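Undergrad: Handing over query02.csv, CSV, N, CA, C and O atoms.
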chain,number,residue,atom,x,y,z
A,13,MET,N,-13.9,86.3,102.1
A,13,MET,CA,-12.7,85.9,101.4
A,13,MET,C,-12.8,86.2,99.9
A,13,MET,O,-11.8,86.6,99.3
A,14,LEU,N,-14.0,85.9,99.4
A,14,LEU,CA,-14.2,86.1,97.9
A,14,LEU,C,-14.0,87.6,97.6
A,14,LEU,O,-13.4,88.0,96.6
A,15,LEU,N,-14.6,88.5,98.5
A,15,LEU,CA,-14.5,89.9,98.3
A,15,LEU,C,-13.1,90.4,98.3
A,15,LEU,O,-12.7,91.2,97.5
A,16,ARG,N,-12.3,89.9,99.3
A,16,ARG,CA,-10.9,90.2,99.4
A,16,ARG,C,-10.2,89.9,98.1
A,16,ARG,O,-9.4,90.7,97.6
A,17,ASN,N,-10.4,88.7,97.6
A,17,ASN,CA,-9.8,88.3,96.3
A,17,ASN,C,-10.2,89.2,95.1
A,17,ASN,O,-9.3,89.5,94.3
A,18,LEU,N,-11.4,89.6,95.1
A,18,LEU,CA,-11.9,90.5,94.0
A,18,LEU,C,-11.2,91.8,94.1
A,18,LEU,O,-10.8,92.4,93.1
A,19,ILE,N,-11.1,92.3,95.3
A,19,ILE,CA,-10.4,93.6,95.5
A,19,ILE,C,-8.9,93.5,95.2
A,19,ILE,O,-8.4,94.4,94.4
A,20,GLU,N,-8.3,92.5,95.6
A,20,GLU,CA,-6.8,92.3,95.3
A,20,GLU,C,-6.7,92.1,93.7
A,20,GLU,O,-5.7,92.7,93.2
A,21,ASP,N,-7.5,91.4,93.1
A,21,ASP,CA,-7.5,91.2,91.6
A,21,ASP,C,-7.6,92.6,90.9
A,21,ASP,O,-6.9,92.9,90.0
A,22,TYR,N,-8.6,93.4,91.4
A,22,TYR,CA,-8.8,94.7,90.8
A,22,TYR,C,-7.5,95.5,90.9
A,22,TYR,O,-7.1,96.1,89.9
A,23,PHE,N,-6.9,95.6,92.1
A,23,PHE,CA,-5.7,96.4,92.2
A,23,PHE,C,-4.6,95.8,91.4
A,23,PHE,O,-3.8,96.6,90.8
A,24,LEU,N,-4.4,94.6,91.3
A,24,LEU,CA,-3.4,94.0,90.4
A,24,LEU,C,-3.6,94.3,89.0
A,24,LEU,O,-2.7,94.6,88.2
A,25,GLU,N,-4.8,94.2,88.5
A,25,GLU,CA,-5.2,94.4,87.1
A,25,GLU,C,-5.1,95.9,86.7
A,25,GLU,O,-4.9,96.2,85.6
A,26,ASN,N,-5.3,96.8,87.7
A,26,ASN,CA,-5.4,98.2,87.4
A,26,ASN,C,-4.2,99.0,88.1
A,26,ASN,O,-4.4,100.2,88.2
A,27,SER,N,-3.2,98.3,88.5
A,27,SER,CA,-2.1,99.0,89.2
A,27,SER,C,-1.5,100.2,88.4
A,27,SER,O,-1.2,101.2,89.0
A,28,GLU,N,-1.3,100.0,87.2
A,28,GLU,CA,-0.7,101.1,86.4
A,28,GLU,C,-1.6,102.3,86.3
A,28,GLU,O,-1.2,103.4,86.4
A,29,GLU,N,-2.8,102.0,86.0
A,29,GLU,CA,-3.8,103.1,85.9
A,29,GLU,C,-4.0,103.9,87.3
A,29,GLU,O,-4.0,105.1,87.3
A,30,LEU,N,-4.0,103.1,88.4
A,30,LEU,CA,-4.1,103.7,89.7
A,30,LEU,C,-2.8,104.5,90.0
A,30,LEU,O,-2.9,105.6,90.6
A,31,TYR,N,-1.6,104.0,89.6
A,31,TYR,CA,-0.4,104.7,89.8
A,31,TYR,C,-0.4,106.1,89.1
A,31,TYR,O,-0.1,107.1,89.6
A,32,GLU,N,-0.8,106.1,87.8
A,32,GLU,CA,-0.9,107.3,87.0
A,32,GLU,C,-1.9,108.3,87.6
A,32,GLU,O,-1.7,109.5,87.6
A,33,TYR,N,-3.0,107.8,88.1
A,33,TYR,CA,-4.0,108.6,88.7
A,33,TYR,C,-3.5,109.3,90.0
A,33,TYR,O,-3.6,110.5,90.2
A,34,GLU,N,-2.8,108.5,90.8
A,34,GLU,CA,-2.2,109.1,92.0
A,34,GLU,C,-1.1,110.1,91.7
A,34,GLU,O,-1.0,111.2,92.3
A,35,LEU,N,-0.3,109.8,90.7
A,35,LEU,CA,0.8,110.7,90.3
A,35,LEU,C,0.2,112.0,89.8
A,35,LEU,O,0.6,113.1,90.1
A,36,LYS,N,-0.8,111.9,88.9
A,36,LYS,CA,-1.5,113.1,88.4
A,36,LYS,C,-2.1,114.0,89.5
A,36,LYS,O,-2.0,115.2,89.5
A,37,SER,N,-2.7,113.3,90.5
A,37,SER,CA,-3.3,114.0,91.6
A,37,SER,C,-2.2,114.7,92.4
A,37,SER,O,-2.4,115.9,92.8
A,38,ALA,N,-1.1,114.1,92.7
A,38,ALA,CA,0.0,114.7,93.5
A,38,ALA,C,0.6,115.9,92.7
A,38,ALA,O,0.9,116.9,93.3
A,39,LYS,N,0.7,115.7,91.4
A,39,LYS,CA,1.3,116.8,90.6
A,39,LYS,C,0.3,118.0,90.6
A,39,LYS,O,0.8,119.2,90.7
A,40,ASN,N,-1.0,117.8,90.6
A,40,ASN,CA,-1.9,118.9,90.7
A,40,ASN,C,-1.8,119.7,92.0
A,40,ASN,O,-1.8,120.9,92.1
A,41,ILE,N,-1.5,118.9,93.1
A,41,ILE,CA,-1.3,119.5,94.4
A,41,ILE,C,0.0,120.3,94.4
A,41,ILE,O,0.0,121.5,94.9
A,42,VAL,N,1.0,119.8,93.8
A,42,VAL,CA,2.3,120.5,93.8
A,42,VAL,C,2.2,121.8,93.0
A,42,VAL,O,2.6,122.8,93.4
A,43,ILE,N,1.5,121.8,91.9
A,43,ILE,CA,1.3,123.0,91.1
A,43,ILE,C,0.5,124.0,91.9
A,43,ILE,O,0.9,125.2,91.9
A,44,LYS,N,-0.5,123.6,92.6
A,44,LYS,CA,-1.3,124.6,93.4
A,44,LYS,C,-0.6,125.1,94.6
A,44,LYS,O,-0.8,126.3,95.0
A,45,LYS,N,0.3,124.3,95.2
A,45,LYS,CA,0.9,124.7,96.4
A,45,LYS,C,2.3,125.3,96.3
A,45,LYS,O,2.9,125.8,97.2
A,46,GLN,N,2.9,125.2,95.0
A,46,GLN,CA,4.3,125.6,94.9
A,46,GLN,C,4.6,127.1,95.1
A,46,GLN,O,5.7,127.4,95.5
A,47,SER,N,3.5,127.9,95.0
A,47,SER,CA,3.8,129.3,95.3
A,47,SER,C,3.7,129.7,96.8
A,47,SER,O,4.2,130.7,97.2
A,48,THR,N,3.2,128.8,97.6
A,48,THR,CA,3.0,129.1,99.0
A,48,THR,C,3.8,128.1,99.9
A,48,THR,O,3.9,128.4,101.1
A,49,MET,N,4.5,127.1,99.4
A,49,MET,CA,5.2,126.1,100.2
A,49,MET,C,6.6,125.9,99.5
A,49,MET,O,6.7,125.8,98.3
A,50,ASP,N,7.6,125.6,100.4
A,50,ASP,CA,8.8,125.2,99.8
A,50,ASP,C,8.8,123.6,99.6
A,50,ASP,O,7.8,123.0,100.0
A,51,GLU,N,9.8,123.1,99.1
A,51,GLU,CA,9.8,121.7,98.7
A,51,GLU,C,9.6,120.7,99.9
A,51,GLU,O,8.8,119.8,99.8
A,52,GLU,N,10.2,121.0,101.0
A,52,GLU,CA,10.1,120.2,102.2
A,52,GLU,C,8.7,120.2,102.8
A,52,GLU,O,8.1,119.2,103.1
A,53,GLU,N,8.1,121.4,102.8
A,53,GLU,CA,6.7,121.6,103.3
A,53,GLU,C,5.8,120.8,102.4
A,53,GLU,O,4.8,120.1,102.9
A,54,MET,N,6.0,120.9,101.1
A,54,MET,CA,5.2,120.2,100.1
A,54,MET,C,5.3,118.6,100.3
A,54,MET,O,4.3,117.9,100.3
A,55,GLU,N,6.5,118.2,100.5
A,55,GLU,CA,6.7,116.7,100.7
A,55,GLU,C,5.9,116.3,102.0
A,55,GLU,O,5.2,115.2,102.0
A,56,ASN,N,6.0,117.1,103.1
A,56,ASN,CA,5.3,116.7,104.3
A,56,ASN,C,3.8,116.8,104.1
A,56,ASN,O,3.1,115.9,104.6
A,57,TYR,N,3.4,117.7,103.4
A,57,TYR,CA,1.9,117.9,103.1
A,57,TYR,C,1.4,116.6,102.3
A,57,TYR,O,0.4,116.0,102.7
A,58,LEU,N,2.2,116.2,101.3
A,58,LEU,CA,1.8,115.0,100.5
A,58,LEU,C,1.8,113.8,101.4
A,58,LEU,O,1.0,112.9,101.2
A,59,ARG,N,2.8,113.7,102.2
A,59,ARG,CA,2.9,112.5,103.1
A,59,ARG,C,1.7,112.4,104.0
A,59,ARG,O,1.1,111.4,104.2
A,60,LYS,N,1.3,113.6,104.6
A,60,LYS,CA,0.1,113.6,105.5
A,60,LYS,C,-1.2,113.2,104.7
A,60,LYS,O,-2.1,112.7,105.3
A,61,LYS,N,-1.2,113.5,103.4
A,61,LYS,CA,-2.3,113.2,102.6
A,61,LYS,C,-2.3,111.7,102.2
A,61,LYS,O,-3.3,111.2,101.6
A,62,GLY,N,-1.2,111.0,102.5
A,62,GLY,CA,-1.1,109.6,102.3
A,62,GLY,C,-0.5,109.1,101.0
A,62,GLY,O,-0.5,108.0,100.6
A,63,TYR,N,0.2,110.1,100.3
A,63,TYR,CA,0.9,109.7,99.1
A,63,TYR,C,2.2,108.9,99.4
A,63,TYR,O,2.9,109.1,100.4
A,64,ARG,N,2.5,108.0,98.5
A,64,ARG,CA,3.7,107.2,98.6
A,64,ARG,C,4.9,108.0,98.3
A,64,ARG,O,4.9,109.0,97.5
A,65,GLU,N,6.1,107.6,98.8
A,65,GLU,CA,7.3,108.3,98.6
A,65,GLU,C,7.7,108.4,97.2
A,65,GLU,O,8.2,109.5,96.7
A,66,ASP,N,7.6,107.3,96.4
A,66,ASP,CA,7.9,107.4,95.0
A,66,ASP,C,7.1,108.4,94.2
A,66,ASP,O,7.5,109.0,93.3
A,67,ILE,N,5.8,108.4,94.6
A,67,ILE,CA,4.9,109.4,93.9
A,67,ILE,C,5.3,110.8,94.3
A,67,ILE,O,5.3,111.7,93.4
A,68,ILE,N,5.6,111.1,95.5
A,68,ILE,CA,6.0,112.4,96.0
A,68,ILE,C,7.2,112.9,95.2
A,68,ILE,O,7.3,114.0,94.7
A,69,GLU,N,8.2,112.0,95.2
A,69,GLU,CA,9.5,112.3,94.5
A,69,GLU,C,9.3,112.7,93.0
A,69,GLU,O,9.8,113.7,92.5
A,70,GLU,N,8.5,111.8,92.4
A,70,GLU,CA,8.3,112.0,90.9
A,70,GLU,C,7.5,113.3,90.7
A,70,GLU,O,7.7,114.0,89.7
A,71,ALA,N,6.4,113.5,91.5
A,71,ALA,CA,5.6,114.7,91.3
A,71,ALA,C,6.4,116.0,91.5
A,71,ALA,O,6.2,116.9,90.7
A,72,ILE,N,7.2,116.0,92.5
A,72,ILE,CA,8.0,117.2,92.7
A,72,ILE,C,9.1,117.4,91.7
A,72,ILE,O,9.3,118.5,91.1
A,73,LYS,N,9.7,116.3,91.3
A,73,LYS,CA,10.8,116.4,90.3
A,73,LYS,C,10.2,116.8,88.9
A,73,LYS,O,10.8,117.7,88.3
A,74,ASP,N,9.1,116.4,88.6
A,74,ASP,CA,8.5,116.7,87.3
A,74,ASP,C,8.0,118.2,87.2
A,74,ASP,O,7.9,118.7,86.1
A,75,GLU,N,7.8,118.8,88.4
A,75,GLU,CA,7.3,120.2,88.4
A,75,GLU,C,8.3,121.2,88.6
A,75,GLU,O,8.1,122.4,88.7
A,76,GLU,N,9.6,120.8,88.7
A,76,GLU,CA,10.7,121.7,88.9
A,76,GLU,C,11.1,122.4,87.7
A,76,GLU,O,11.0,122.0,86.6
The structure in this file should be written as structure tokens.

TA:
Amino acid sequence: MLLRNLIEDYFLENSEELYEYELKSAKNIVIKKQSTMDEEEMENYLRKKGYREDIIEEAIKDEE
């Protein structure tokens, strides 16, 4: 129980940093894959990798 609380606290305290890291990672994938995949394929690829929908949308929108 204590470990669960510590983990939850960590995510709450660092949620913005974690969001930015995930977004940057998704953008890097978009940049690498944009020459070989269309937008729909890229969205599906990122979903399979476990990225959240809001991250996927922002990463693709920012790289257009």

Undergrad: Provide the CA of Ala71 in chain A to CA of Ala38 in chain A distance in Å, to one decimal place.

TA: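 Interatomic distance here is 6.0 Å.
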
Undergrad: Taking 5 positions as the minimum chain separation for residues in the same chain, which residues sit within 7 Å of range 54-65 of chain A when counting only N, CA, C and O atoms? Answer as a PyMOL selection string.

TA: chain A and resi 42+45+49+70-71

Undergrad: Can you work out the spacing between atom O of Ser47 in chain A and atom N of Lys73 in chain A in Å, to one decimal?

TA: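 Straight-line distance from atom O of Ser47 in chain A to atom N of Lys73 in chain A works out to 16.5 Å.
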
Undergrad: If we draw a sphere of 5 Å around (2.8, 106.9, 92.7), which residues have at least one atom in it when counting only N, CA, C and O atoms? Please report them as a list in words.

TA: Tyr31, Leu35, Asp66 and Ile67 of chain A

Undergrad: Find the distance between CA of Asn17 in chain A and CA of Leu30 in chain A and write it in Å to one decimal.

TA: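 According to the coordinates, CA of Asn17 in chain A and CA of Leu30 in chain A are separated by 17.7 Å.
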
Undergrad: Of the candidates A:Ile19, A:Glu29, A:Lys39, A:Leu14, which one gets nearest to Glu75 in chain A if we count only N, CA, C and O atoms?

TA: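 Ranking A:Ile19, A:Glu29, A:Lys39, A:Leu14 by distance to Glu75 in chain A, first place goes to A:Lys39.
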